[in-house]
file target-v9.pdb (PDB, C-alpha atoms, pLDDT in the B column)
ATOM      1  CA  MET L   1      11.109 -15.978  -1.746  1.00 55.00           C
ATOM      2  CA  SER L   2       8.237 -14.264  -3.519  1.00 73.00           C
ATOM      3  CA  ASP L   3       8.796 -13.342  -7.162  1.00 90.00           C
ATOM      4  CA  HIS L   4       7.500  -9.906  -6.209  1.00 96.00           C
ATOM      5  CA  ILE L   5      10.406  -9.158  -3.878  1.00 98.00           C
ATOM      6  CA  VAL L   6      13.845  -8.528  -5.383  1.00 98.00           C
ATOM      7  CA  VAL L   7      16.832  -8.611  -3.020  1.00 98.00           C
ATOM      8  CA  THR L   8      20.232  -7.299  -4.070  1.00 98.00           C
ATOM      9  CA  ASP L   9      23.439  -6.840  -2.070  1.00 98.00           C
ATOM     10  CA  HIS L  10      26.097  -4.281  -2.988  1.00 97.00           C
ATOM     11  CA  GLN L  11      29.025  -3.102  -0.891  1.00 97.00           C
ATOM     12  CA  GLY L  12      27.376  -3.807   2.441  1.00 98.00           C
ATOM     13  CA  VAL L  13      23.917  -2.531   1.470  1.00 98.00           C
ATOM     14  CA  ARG L  14      21.001  -4.950   1.083  1.00 98.00           C
ATOM     15  CA  THR L  15      18.162  -3.538  -1.006  1.00 98.00           C
ATOM     16  CA  ILE L  16      14.753  -5.167  -0.550  1.00 98.00           C
ATOM     17  CA  ARG L  17      12.549  -4.027  -3.401  1.00 98.00           C
ATOM     18  CA  MET L  18       8.799  -4.587  -3.765  1.00 98.00           C
ATOM     19  CA  ASN L  19       8.224  -5.402  -7.413  1.00 97.00           C
ATOM     20  CA  ARG L  20       4.538  -5.896  -8.155  1.00 96.00           C
ATOM     21  CA  PRO L  21       3.926  -2.838 -10.322  1.00 95.00           C
ATOM     22  CA  ASP L  22       0.720  -4.141 -11.900  1.00 94.00           C
ATOM     23  CA  LYS L  23      -0.874  -4.017  -8.418  1.00 94.00           C
ATOM     24  CA  LYS L  24       0.989  -0.883  -7.285  1.00 96.00           C
ATOM     25  CA  ASN L  25       3.121  -3.084  -5.046  1.00 97.00           C
ATOM     26  CA  ALA L  26       0.177  -4.113  -2.860  1.00 96.00           C
ATOM     27  CA  ILE L  27       1.811  -6.443  -0.340  1.00 97.00           C
ATOM     28  CA  THR L  28       0.720 -10.072  -0.136  1.00 95.00           C
ATOM     29  CA  PHE L  29       1.540 -12.435   2.708  1.00 95.00           C
ATOM     30  CA  ALA L  30       4.112 -14.117   0.453  1.00 96.00           C
ATOM     31  CA  MET L  31       5.783 -10.742  -0.069  1.00 97.00           C
ATOM     32  CA  TYR L  32       5.846 -10.106   3.672  1.00 97.00           C
ATOM     33  CA  GLN L  33       7.452 -13.499   4.225  1.00 97.00           C
ATOM     34  CA  ALA L  34      10.125 -12.758   1.623  1.00 98.00           C
ATOM     35  CA  MET L  35      10.904  -9.349   3.101  1.00 98.00           C
ATOM     36  CA  THR L  36      11.072 -10.788   6.605  1.00 98.00           C
ATOM     37  CA  GLN L  37      13.459 -13.489   5.430  1.00 98.00           C
ATOM     38  CA  ALA L  38      15.649 -10.913   3.684  1.00 98.00           C
ATOM     39  CA  LEU L  39      15.774  -8.730   6.804  1.00 98.00           C
ATOM     40  CA  ARG L  40      16.594 -11.655   9.088  1.00 98.00           C
ATOM     41  CA  GLN L  41      19.339 -12.890   6.790  1.00 98.00           C
ATOM     42  CA  GLY L  42      20.788  -9.396   6.517  1.00 98.00           C
ATOM     43  CA  GLU L  43      20.720  -8.927  10.270  1.00 98.00           C
ATOM     44  CA  GLY L  44      22.702 -12.138  10.685  1.00 97.00           C
ATOM     45  CA  ASP L  45      25.228 -11.442   7.939  1.00 98.00           C
ATOM     46  CA  PRO L  46      28.220  -9.315   9.049  1.00 96.00           C
ATOM     47  CA  ALA L  47      28.790  -8.305   5.431  1.00 97.00           C
ATOM     48  CA  ILE L  48      25.438  -6.513   5.371  1.00 98.00           C
ATOM     49  CA  ARG L  49      25.658  -3.150   7.133  1.00 98.00           C
ATOM     50  CA  VAL L  50      22.472  -1.394   5.986  1.00 98.00           C
ATOM     51  CA  HIS L  51      18.988  -2.372   4.765  1.00 98.00           C
ATOM     52  CA  VAL L  52      17.167  -0.377   2.088  1.00 98.00           C
ATOM     53  CA  LEU L  53      13.413  -0.703   1.504  1.00 98.00           C
ATOM     54  CA  ALA L  54      12.228   0.395  -1.931  1.00 98.00           C
ATOM     55  CA  GLY L  55       9.471  -0.139  -4.462  1.00 97.00           C
ATOM     56  CA  ALA L  56       9.286  -0.644  -8.186  1.00 89.00           C
ATOM     57  CA  PRO L  57       9.874   2.624 -10.073  1.00 81.00           C
ATOM     58  CA  GLY L  58       7.034   5.065  -9.584  1.00 88.00           C
ATOM     59  CA  CYS L  59       5.447   3.406  -6.550  1.00 96.00           C
ATOM     60  CA  PHE L  60       6.537   2.471  -3.044  1.00 98.00           C
ATOM     61  CA  THR L  61       3.442   0.481  -2.073  1.00 98.00           C
ATOM     62  CA  ALA L  62      -0.322   0.935  -2.167  1.00 96.00           C
ATOM     63  CA  GLY L  63      -0.534  -0.972   1.127  1.00 94.00           C
ATOM     64  CA  ASN L  64      -1.778  -4.386   2.113  1.00 92.00           C
ATOM     65  CA  ASP L  65      -3.364  -6.775  -0.339  1.00 91.00           C
ATOM     66  CA  LEU L  66      -6.610  -7.071   1.599  1.00 83.00           C
ATOM     67  CA  GLY L  67      -7.408 -10.375  -0.085  1.00 82.00           C
ATOM     68  CA  ASP L  68      -4.930 -12.138   2.176  1.00 82.00           C
ATOM     69  CA  PHE L  69      -6.098 -10.361   5.308  1.00 78.00           C
ATOM     70  CA  LEU L  70      -9.793 -11.069   4.746  1.00 78.00           C
ATOM     71  CA  THR L  71      -9.076 -14.803   4.668  1.00 79.00           C
ATOM     72  CA  ALA L  72      -6.480 -14.759   7.446  1.00 71.00           C
ATOM     73  CA  GLY L  73      -6.954 -16.155  10.914  1.00 73.00           C
ATOM     74  CA  ASP L  74      -5.209 -14.377  13.773  1.00 81.00           C
ATOM     75  CA  VAL L  75      -3.748 -11.129  12.427  1.00 81.00           C
ATOM     76  CA  ALA L  76      -1.187 -11.028  15.236  1.00 84.00           C
ATOM     77  CA  SER L  77       0.438 -14.200  13.909  1.00 87.00           C
ATOM     78  CA  SER L  78       0.217 -13.236  10.231  1.00 91.00           C
ATOM     79  CA  PRO L  79       3.252 -12.698   7.960  1.00 94.00           C
ATOM     80  CA  ALA L  80       2.501  -8.964   8.043  1.00 94.00           C
ATOM     81  CA  ALA L  81       2.766  -8.902  11.823  1.00 93.00           C
ATOM     82  CA  GLU L  82       6.010 -10.849  11.743  1.00 96.00           C
ATOM     83  CA  PHE L  83       7.474  -8.438   9.193  1.00 97.00           C
ATOM     84  CA  LEU L  84       6.637  -5.466  11.395  1.00 96.00           C
ATOM     85  CA  ARG L  85       8.165  -7.128  14.445  1.00 96.00           C
ATOM     86  CA  VAL L  86      11.386  -7.925  12.602  1.00 97.00           C
ATOM     87  CA  LEU L  87      11.578  -4.476  10.982  1.00 98.00           C
ATOM     88  CA  SER L  88      10.919  -2.653  14.246  1.00 95.00           C
ATOM     89  CA  ALA L  89      13.597  -4.714  16.014  1.00 95.00           C
ATOM     90  CA  ALA L  90      16.278  -4.434  13.304  1.00 97.00           C
ATOM     91  CA  ALA L  91      19.643  -3.561  14.827  1.00 97.00           C
ATOM     92  CA  LYS L  92      21.129  -2.336  11.547  1.00 98.00           C
ATOM     93  CA  PRO L  93      20.069   0.952   9.924  1.00 98.00           C
ATOM     94  CA  VAL L  94      17.085   0.887   7.575  1.00 98.00           C
ATOM     95  CA  VAL L  95      16.731   3.426   4.774  1.00 98.00           C
ATOM     96  CA  ALA L  96      13.424   3.843   2.927  1.00 98.00           C
ATOM     97  CA  VAL L  97      13.234   5.115  -0.658  1.00 98.00           C
ATOM     98  CA  VAL L  98       9.708   6.380  -1.338  1.00 98.00           C
ATOM     99  CA  GLY L  99       8.599   7.172  -4.863  1.00 97.00           C
ATOM    100  CA  GLY L 100       5.002   7.537  -6.019  1.00 97.00           C
ATOM    101  CA  LEU L 101       2.379   6.101  -3.687  1.00 97.00           C
ATOM    102  CA  ALA L 102       2.936   5.238  -0.033  1.00 98.00           C
ATOM    103  CA  ILE L 103      -0.398   4.057   1.358  1.00 98.00           C
ATOM    104  CA  GLY L 104      -1.309   2.379   4.647  1.00 97.00           C
ATOM    105  CA  ILE L 105       1.590   0.217   5.753  1.00 96.00           C
ATOM    106  CA  GLY L 106       3.578   2.052   3.082  1.00 98.00           C
ATOM    107  CA  VAL L 107       3.498   4.921   5.582  1.00 98.00           C
ATOM    108  CA  THR L 108       3.506   3.056   8.898  1.00 98.00           C
ATOM    109  CA  MET L 109       6.610   1.019   8.032  1.00 98.00           C
ATOM    110  CA  LEU L 110       8.469   4.313   7.565  1.00 98.00           C
ATOM    111  CA  LEU L 111       8.122   4.900  11.304  1.00 97.00           C
ATOM    112  CA  HIS L 112      10.549   2.011  11.844  1.00 97.00           C
ATOM    113  CA  CYS L 113      13.117   3.273   9.333  1.00 98.00           C
ATOM    114  CA  ASP L 114      16.077   5.416  10.305  1.00 98.00           C
ATOM    115  CA  LEU L 115      16.277   7.527   7.150  1.00 98.00           C
ATOM    116  CA  VAL L 116      13.423   8.198   4.734  1.00 98.00           C
ATOM    117  CA  HIS L 117      14.068   9.818   1.357  1.00 98.00           C
ATOM    118  CA  ALA L 118      11.111  10.565  -0.901  1.00 98.00           C
ATOM    119  CA  ALA L 119      10.356  11.903  -4.341  1.00 98.00           C
ATOM    120  CA  GLU L 120       9.026  15.449  -4.490  1.00 98.00           C
ATOM    121  CA  ASP L 121       5.817  14.151  -6.083  1.00 97.00           C
ATOM    122  CA  ALA L 122       5.264  11.236  -3.699  1.00 98.00           C
ATOM    123  CA  THR L 123       1.779  10.858  -2.185  1.00 98.00           C
ATOM    124  CA  PHE L 124       1.051   9.505   1.287  1.00 98.00           C
ATOM    125  CA  GLN L 125      -2.145   8.295   2.940  1.00 98.00           C
ATOM    126  CA  LEU L 126      -3.272   6.438   6.071  1.00 98.00           C
ATOM    127  CA  PRO L 127      -6.734   5.336   4.875  1.00 97.00           C
ATOM    128  CA  PHE L 128      -7.512   2.751   7.564  1.00 96.00           C
ATOM    129  CA  ILE L 129     -10.600   4.592   8.833  1.00 97.00           C
ATOM    130  CA  ASN L 130     -12.045   4.711   5.297  1.00 96.00           C
ATOM    131  CA  LEU L 131     -12.056   0.898   5.264  1.00 93.00           C
ATOM    132  CA  ALA L 132     -13.466   0.679   8.798  1.00 94.00           C
ATOM    133  CA  LEU L 133     -10.029  -0.449   9.963  1.00 93.00           C
ATOM    134  CA  VAL L 134      -7.723   0.888  12.679  1.00 94.00           C
ATOM    135  CA  PRO L 135      -4.071   2.008  12.814  1.00 95.00           C
ATOM    136  CA  GLU L 136      -1.308  -0.614  12.620  1.00 94.00           C
ATOM    137  CA  GLY L 137       2.455  -0.799  12.602  1.00 94.00           C
ATOM    138  CA  GLY L 138       2.763   0.960  15.950  1.00 94.00           C
ATOM    139  CA  SER L 139       1.467   4.133  14.302  1.00 96.00           C
ATOM    140  CA  SER L 140      -1.018   4.923  17.085  1.00 95.00           C
ATOM    141  CA  LEU L 141       2.016   5.320  19.364  1.00 93.00           C
ATOM    142  CA  LEU L 142       4.730   6.600  17.030  1.00 95.00           C
ATOM    143  CA  LEU L 143       2.801   9.143  14.953  1.00 97.00           C
ATOM    144  CA  PRO L 144       1.718  11.246  17.971  1.00 96.00           C
ATOM    145  CA  LYS L 145       5.270  11.062  19.333  1.00 95.00           C
ATOM    146  CA  LEU L 146       6.612  12.278  15.999  1.00 96.00           C
ATOM    147  CA  MET L 147       4.183  15.080  15.182  1.00 97.00           C
ATOM    148  CA  GLY L 148       1.830  15.591  18.141  1.00 97.00           C
ATOM    149  CA  HIS L 149      -1.655  14.295  18.872  1.00 97.00           C
ATOM    150  CA  GLN L 150      -3.653  16.699  16.719  1.00 98.00           C
ATOM    151  CA  ARG L 151      -1.633  16.177  13.557  1.00 98.00           C
ATOM    152  CA  ALA L 152      -1.589  12.404  14.033  1.00 98.00           C
ATOM    153  CA  ALA L 153      -5.334  12.427  14.681  1.00 98.00           C
ATOM    154  CA  GLU L 154      -5.907  14.353  11.458  1.00 98.00           C
ATOM    155  CA  LEU L 155      -3.993  11.784   9.418  1.00 98.00           C
ATOM    156  CA  LEU L 156      -5.530   8.733  11.096  1.00 98.00           C
ATOM    157  CA  MET L 157      -9.099   9.925  11.693  1.00 98.00           C
ATOM    158  CA  LEU L 158      -9.722  11.630   8.352  1.00 98.00           C
ATOM    159  CA  GLY L 159      -7.601   9.285   6.255  1.00 98.00           C
ATOM    160  CA  GLU L 160      -6.956  11.890   3.583  1.00 98.00           C
ATOM    161  CA  PRO L 161      -3.971  11.894   1.187  1.00 98.00           C
ATOM    162  CA  PHE L 162      -1.103  14.274   1.902  1.00 98.00           C
ATOM    163  CA  ASP L 163       1.778  15.365  -0.277  1.00 98.00           C
ATOM    164  CA  ALA L 164       5.513  14.928   0.120  1.00 98.00           C
ATOM    165  CA  ALA L 165       6.045  18.470   1.364  1.00 98.00           C
ATOM    166  CA  THR L 166       3.566  17.819   4.176  1.00 98.00           C
ATOM    167  CA  ALA L 167       5.256  14.517   5.025  1.00 98.00           C
ATOM    168  CA  HIS L 168       8.581  16.330   5.195  1.00 98.00           C
ATOM    169  CA  GLY L 169       7.158  19.101   7.344  1.00 98.00           C
ATOM    170  CA  LEU L 170       5.686  16.568   9.770  1.00 98.00           C
ATOM    171  CA  GLY L 171       9.054  14.874  10.196  1.00 98.00           C
ATOM    172  CA  LEU L 172       8.041  11.653   8.472  1.00 98.00           C
ATOM    173  CA  VAL L 173      10.587  12.192   5.670  1.00 98.00           C
ATOM    174  CA  ASN L 174      14.203  13.365   5.946  1.00 98.00           C
ATOM    175  CA  ALA L 175      14.497  14.939   2.505  1.00 98.00           C
ATOM    176  CA  LEU L 176      12.737  15.308  -0.841  1.00 98.00           C
ATOM    177  CA  HIS L 177      14.349  14.841  -4.241  1.00 98.00           C
ATOM    178  CA  PRO L 178      13.416  14.988  -7.925  1.00 97.00           C
ATOM    179  CA  THR L 179      12.190  11.539  -8.953  1.00 96.00           C
ATOM    180  CA  ALA L 180      15.092  11.085 -11.371  1.00 96.00           C
ATOM    181  CA  GLU L 181      17.605  11.618  -8.551  1.00 97.00           C
ATOM    182  CA  LEU L 182      15.854   9.795  -5.704  1.00 97.00           C
ATOM    183  CA  GLU L 183      17.439   6.362  -6.006  1.00 96.00           C
ATOM    184  CA  GLN L 184      20.943   7.749  -6.467  1.00 97.00           C
ATOM    185  CA  VAL L 185      20.731  10.088  -3.478  1.00 97.00           C
ATOM    186  CA  ALA L 186      19.254   7.394  -1.228  1.00 97.00           C
ATOM    187  CA  ALA L 187      21.954   4.967  -2.333  1.00 97.00           C
ATOM    188  CA  GLY L 188      24.541   7.542  -1.338  1.00 98.00           C
ATOM    189  CA  ARG L 189      23.000   7.905   2.129  1.00 98.00           C
ATOM    190  CA  ALA L 190      22.942   4.108   2.552  1.00 98.00           C
ATOM    191  CA  ALA L 191      26.570   3.873   1.450  1.00 98.00           C
ATOM    192  CA  ALA L 192      27.529   6.577   3.946  1.00 98.00           C
ATOM    193  CA  LEU L 193      25.888   4.585   6.745  1.00 98.00           C
ATOM    194  CA  ALA L 194      27.565   1.374   5.593  1.00 97.00           C
ATOM    195  CA  ALA L 195      30.955   3.079   5.894  1.00 96.00           C
ATOM    196  CA  LYS L 196      30.450   3.966   9.567  1.00 96.00           C
ATOM    197  CA  PRO L 197      31.804   1.789  12.418  1.00 93.00           C
ATOM    198  CA  ALA L 198      29.218  -0.992  12.647  1.00 94.00           C
ATOM    199  CA  GLU L 199      29.195  -1.456  16.421  1.00 93.00           C
ATOM    200  CA  ALA L 200      28.952   2.253  17.166  1.00 93.00           C
ATOM    201  CA  LEU L 201      26.183   2.581  14.587  1.00 95.00           C
ATOM    202  CA  ALA L 202      24.171  -0.260  16.120  1.00 94.00           C
ATOM    203  CA  THR L 203      24.638   1.178  19.610  1.00 92.00           C
ATOM    204  CA  THR L 204      23.543   4.616  18.426  1.00 93.00           C
ATOM    205  CA  LYS L 205      20.393   3.140  16.919  1.00 93.00           C
ATOM    206  CA  ALA L 206      19.687   1.204  20.123  1.00 90.00           C
ATOM    207  CA  LEU L 207      20.097   4.367  22.207  1.00 86.00           C
ATOM    208  CA  LEU L 208      17.725   6.276  19.945  1.00 87.00           C
ATOM    209  CA  ARG L 209      15.162   3.539  20.526  1.00 86.00           C
ATOM    210  CA  LEU L 210      15.220   3.606  24.313  1.00 79.00           C
ATOM    211  CA  SER L 211      12.129   5.821  24.363  1.00 70.00           C
ATOM    212  CA  GLU L 212      10.279   3.380  22.083  1.00 64.00           C
ATOM    213  CA  ASP L 213      10.362   0.358  24.385  1.00 63.00           C
ATOM    214  CA  SER L 214       6.576   0.047  24.297  1.00 77.00           C
ATOM    215  CA  VAL L 215       6.385  -0.396  20.508  1.00 83.00           C
ATOM    216  CA  SER L 216       6.134  -4.181  20.754  1.00 81.00           C
ATOM    217  CA  THR L 217       3.293  -3.851  23.269  1.00 86.00           C
ATOM    218  CA  ARG L 218       1.467  -1.367  21.078  1.00 88.00           C
ATOM    219  CA  LEU L 219       1.864  -3.608  18.042  1.00 88.00           C
ATOM    220  CA  GLY L 220       0.099  -6.381  19.954  1.00 86.00           C
ATOM    221  CA  VAL L 221      -2.773  -4.120  20.997  1.00 86.00           C
ATOM    222  CA  GLU L 222      -3.199  -2.853  17.434  1.00 89.00           C
ATOM    223  CA  PHE L 223      -3.187  -6.370  15.963  1.00 85.00           C
ATOM    224  CA  VAL L 224      -6.073  -7.390  18.228  1.00 88.00           C
ATOM    225  CA  ALA L 225      -8.084  -4.319  17.215  1.00 88.00           C
ATOM    226  CA  PHE L 226      -7.185  -4.745  13.530  1.00 87.00           C
ATOM    227  CA  GLY L 227      -8.305  -8.389  13.581  1.00 87.00           C
ATOM    228  CA  ARG L 228     -11.604  -7.419  15.179  1.00 87.00           C
ATOM    229  CA  ALA L 229     -12.116  -4.705  12.562  1.00 88.00           C
ATOM    230  CA  LEU L 230     -11.458  -7.187   9.741  1.00 85.00           C
ATOM    231  CA  ARG L 231     -14.414  -9.247  10.945  1.00 86.00           C
ATOM    232  CA  SER L 232     -16.778  -6.301  11.328  1.00 90.00           C
ATOM    233  CA  ALA L 233     -19.900  -5.499   9.323  1.00 90.00           C
ATOM    234  CA  GLU L 234     -18.502  -1.986   8.828  1.00 89.00           C
ATOM    235  CA  LEU L 235     -15.530  -3.358   6.943  1.00 81.00           C
ATOM    236  CA  GLN L 236     -17.701  -5.520   4.694  1.00 85.00           C
ATOM    237  CA  GLU L 237     -19.742  -2.453   3.804  1.00 87.00           C
ATOM    238  CA  ALA L 238     -16.626  -0.338   3.202  1.00 85.00           C
ATOM    239  CA  VAL L 239     -15.008  -2.945   0.983  1.00 76.00           C
TER     240      VAL L 239
END
call {"tool": "encode", "arguments": {"input": "target-v9.pdb", "output": "structure tokens"}}
result
Amino acid sequence: MSDHIVVTDHQGVRTIRMNRPDKKNAITFAMYQAMTQALRQGEGDPAIRVHVLAGAPGCFTAGNDLGDFLTAGDVASSPAAEFLRVLSAAAKPVVAVVGGLAIGIGVTMLLHCDLVHAAEDATFQLPFINLALVPEGGSSLLLPKLMGHQRAAELLMLGEPFDAATAHGLGLVNALHPTAELEQVAAGRAAALAAKPAEALATTKALLRLSEDSVSTRLGVEFVAFGRALRSAELQEAV
């Protein structure tokens, strides 16, 4: 596993923590591979009841490390794509703990989580358009379903930062907490999920997903467009 991903298990809860604070937890392909491995192992381990995604203190993630993407071949077969497929298909509940920055995939991965708890001072942004890139993570499907076309278009087409209160109002976040209390409250929510009947919990999650059966298709369409954008002159100019 990557040194920048720390995995801990406690009383049925597996916490997968991005720990690259010097780069604001920008996610490399090695980090994606480590997170994917941790998710797969947790899905196959009956002792693990809940997954938690978190960042180093003060930052969730500033998004993709573009260095890996700019030298990648087919985006659809990249470690980032595999992570999104595994996360979006996870049968066990996923809780996200968002402190500080949540940029790019730091926002789109939240769409595949079941509970999202954020710090009151967290900052969110979907800046793909500013880099001449396009939406990923199924966000072109899931964001409009969550908040309506116009609000999703505003976030994706303007690419401007938005605060935690806005994220909460749009339905992207379940609840906001003081930074000092965030981890403790989220841990309590994860523990509450872990105490529920596992089979009923998995079935409930599967039922909630029945209206999202085109996510895997949309991921594929987005990966093709994202790969094309990575090779564009617009992106070179933006970078």
call {"tool": "residues_around", "arguments": {"input": "target-v9.pdb", "residues": "Ala180 (chain L)", "least_positions_apart": "2", "cutoff": "12 Å", "atoms": "all atoms listed in the file", "output": "PyMOL selection string"}}
result
chain L and resi 57-58+99-100+118-121+176-178+182-186
call {"tool": "closest_residue", "arguments": {"input": "target-v9.pdb", "among": "L:Asn174, L:Asn19, L:Asn130, L:Ser2", "to": "Gly159 (chain L)", "atoms": "only C-alpha atoms"}}
result
L:Asn130
call {"tool": "atom_distance", "arguments": {"input": "target-v9.pdb", "atom1": "CA of Leu207 (chain L)", "atom2": "CA of Cys113 (chain L)"}}
result
14.7 Å
call {"tool": "atom_distance", "arguments": {"input": "target-v9.pdb", "atom1": "CA of Gly171 (chain L)", "atom2": "CA of Leu146 (chain L)"}}
result
6.8 Å
call {"tool": "axis_aligned_box", "arguments": {"input": "target-v9.pdb", "around": "region 113-126 of chain L", "padding_each_side": "5 Å", "output": "AutoDock Vina command-line options"}}
result
--center_x 6.5 --center_y 9.4 --center_z 2.1 --size_x 29.5 --size_y 22.2 --size_z 26.4
call {"tool": "residues_around", "arguments": {"input": "target-v9.pdb", "residues": "region 155-158 of chain L", "least_positions_apart": "5", "cutoff": "8 Å", "atoms": "only C-alpha atoms", "output": "short mmCIF file (atom, residue, chain, number, x, y, z; two decimals) with C-alpha atoms, in the coordinates of the input"}}
result
data_model
loop_
_atom_site.label_atom_id
_atom_site.label_comp_id
_atom_site.auth_asym_id
_atom_site.auth_seq_id
_atom_site.Cartn_x
_atom_site.Cartn_y
_atom_site.Cartn_z
CA GLN L 125 -2.14 8.30 2.94
CA LEU L 126 -3.27 6.44 6.07
CA PRO L 127 -6.73 5.34 4.88
CA PHE L 128 -7.51 2.75 7.56
CA ILE L 129 -10.60 4.59 8.83
CA ASN L 130 -12.04 4.71 5.30
CA PRO L 135 -4.07 2.01 12.81
#
call {"tool": "closest_atom_pairs", "arguments": {"input": "target-v9.pdb", "of": "region 106-215 of chain L", "to": "region 47-53 of chain L", "cutoff": "7 Å", "atoms": "only C-alpha atoms", "output": "Markdown table"}}
result
| residue | atom | partner | partner_atom | distance |
| --- | --- | --- | --- | --- |
| L:Ala190 | CA | L:Val50 | CA | 6.5 |
| L:Leu193 | CA | L:Val50 | CA | 6.9 |
| L:Ala194 | CA | L:Arg49 | CA | 5.1 |
| L:Ala198 | CA | L:Arg49 | CA | 6.9 |
call {"tool": "resolve_selection", "arguments": {"input": "target-v9.pdb", "expression": "the PyMOL selection byres ((chain L and resi 36) around 12)", "output": "MDAnalysis selection string"}}
result
chainID L and resid 1:2 5 7 16 29:35 37:43 51 53 78:90
call {"tool": "write_last_selection", "arguments": {"input": "target-v9.pdb", "atoms": "C-alpha atoms", "output": "PDB file, in the frame of the given file"}}
result
ATOM      1  CA  MET L   1      11.109 -15.978  -1.746  1.00 55.00           C
ATOM      2  CA  SER L   2       8.237 -14.264  -3.519  1.00 73.00           C
ATOM      3  CA  ILE L   5      10.406  -9.158  -3.878  1.00 98.00           C
ATOM      4  CA  VAL L   7      16.832  -8.611  -3.020  1.00 98.00           C
ATOM      5  CA  ILE L  16      14.753  -5.167  -0.550  1.00 98.00           C
ATOM      6  CA  PHE L  29       1.540 -12.435   2.708  1.00 95.00           C
ATOM      7  CA  ALA L  30       4.112 -14.117   0.453  1.00 96.00           C
ATOM      8  CA  MET L  31       5.783 -10.742  -0.069  1.00 97.00           C
ATOM      9  CA  TYR L  32       5.846 -10.106   3.672  1.00 97.00           C
ATOM     10  CA  GLN L  33       7.452 -13.499   4.225  1.00 97.00           C
ATOM     11  CA  ALA L  34      10.125 -12.758   1.623  1.00 98.00           C
ATOM     12  CA  MET L  35      10.904  -9.349   3.101  1.00 98.00           C
ATOM     13  CA  GLN L  37      13.459 -13.489   5.430  1.00 98.00           C
ATOM     14  CA  ALA L  38      15.649 -10.913   3.684  1.00 98.00           C
ATOM     15  CA  LEU L  39      15.774  -8.730   6.804  1.00 98.00           C
ATOM     16  CA  ARG L  40      16.594 -11.655   9.088  1.00 98.00           C
ATOM     17  CA  GLN L  41      19.339 -12.890   6.790  1.00 98.00           C
ATOM     18  CA  GLY L  42      20.788  -9.396   6.517  1.00 98.00           C
ATOM     19  CA  GLU L  43      20.720  -8.927  10.270  1.00 98.00           C
ATOM     20  CA  HIS L  51      18.988  -2.372   4.765  1.00 98.00           C
ATOM     21  CA  LEU L  53      13.413  -0.703   1.504  1.00 98.00           C
ATOM     22  CA  SER L  78       0.217 -13.236  10.231  1.00 91.00           C
ATOM     23  CA  PRO L  79       3.252 -12.698   7.960  1.00 94.00           C
ATOM     24  CA  ALA L  80       2.501  -8.964   8.043  1.00 94.00           C
ATOM     25  CA  ALA L  81       2.766  -8.902  11.823  1.00 93.00           C
ATOM     26  CA  GLU L  82       6.010 -10.849  11.743  1.00 96.00           C
ATOM     27  CA  PHE L  83       7.474  -8.438   9.193  1.00 97.00           C
ATOM     28  CA  LEU L  84       6.637  -5.466  11.395  1.00 96.00           C
ATOM     29  CA  ARG L  85       8.165  -7.128  14.445  1.00 96.00           C
ATOM     30  CA  VAL L  86      11.386  -7.925  12.602  1.00 97.00           C
ATOM     31  CA  LEU L  87      11.578  -4.476  10.982  1.00 98.00           C
ATOM     32  CA  SER L  88      10.919  -2.653  14.246  1.00 95.00           C
ATOM     33  CA  ALA L  89      13.597  -4.714  16.014  1.00 95.00           C
ATOM     34  CA  ALA L  90      16.278  -4.434  13.304  1.00 97.00           C
TER      35      ALA L  90
END
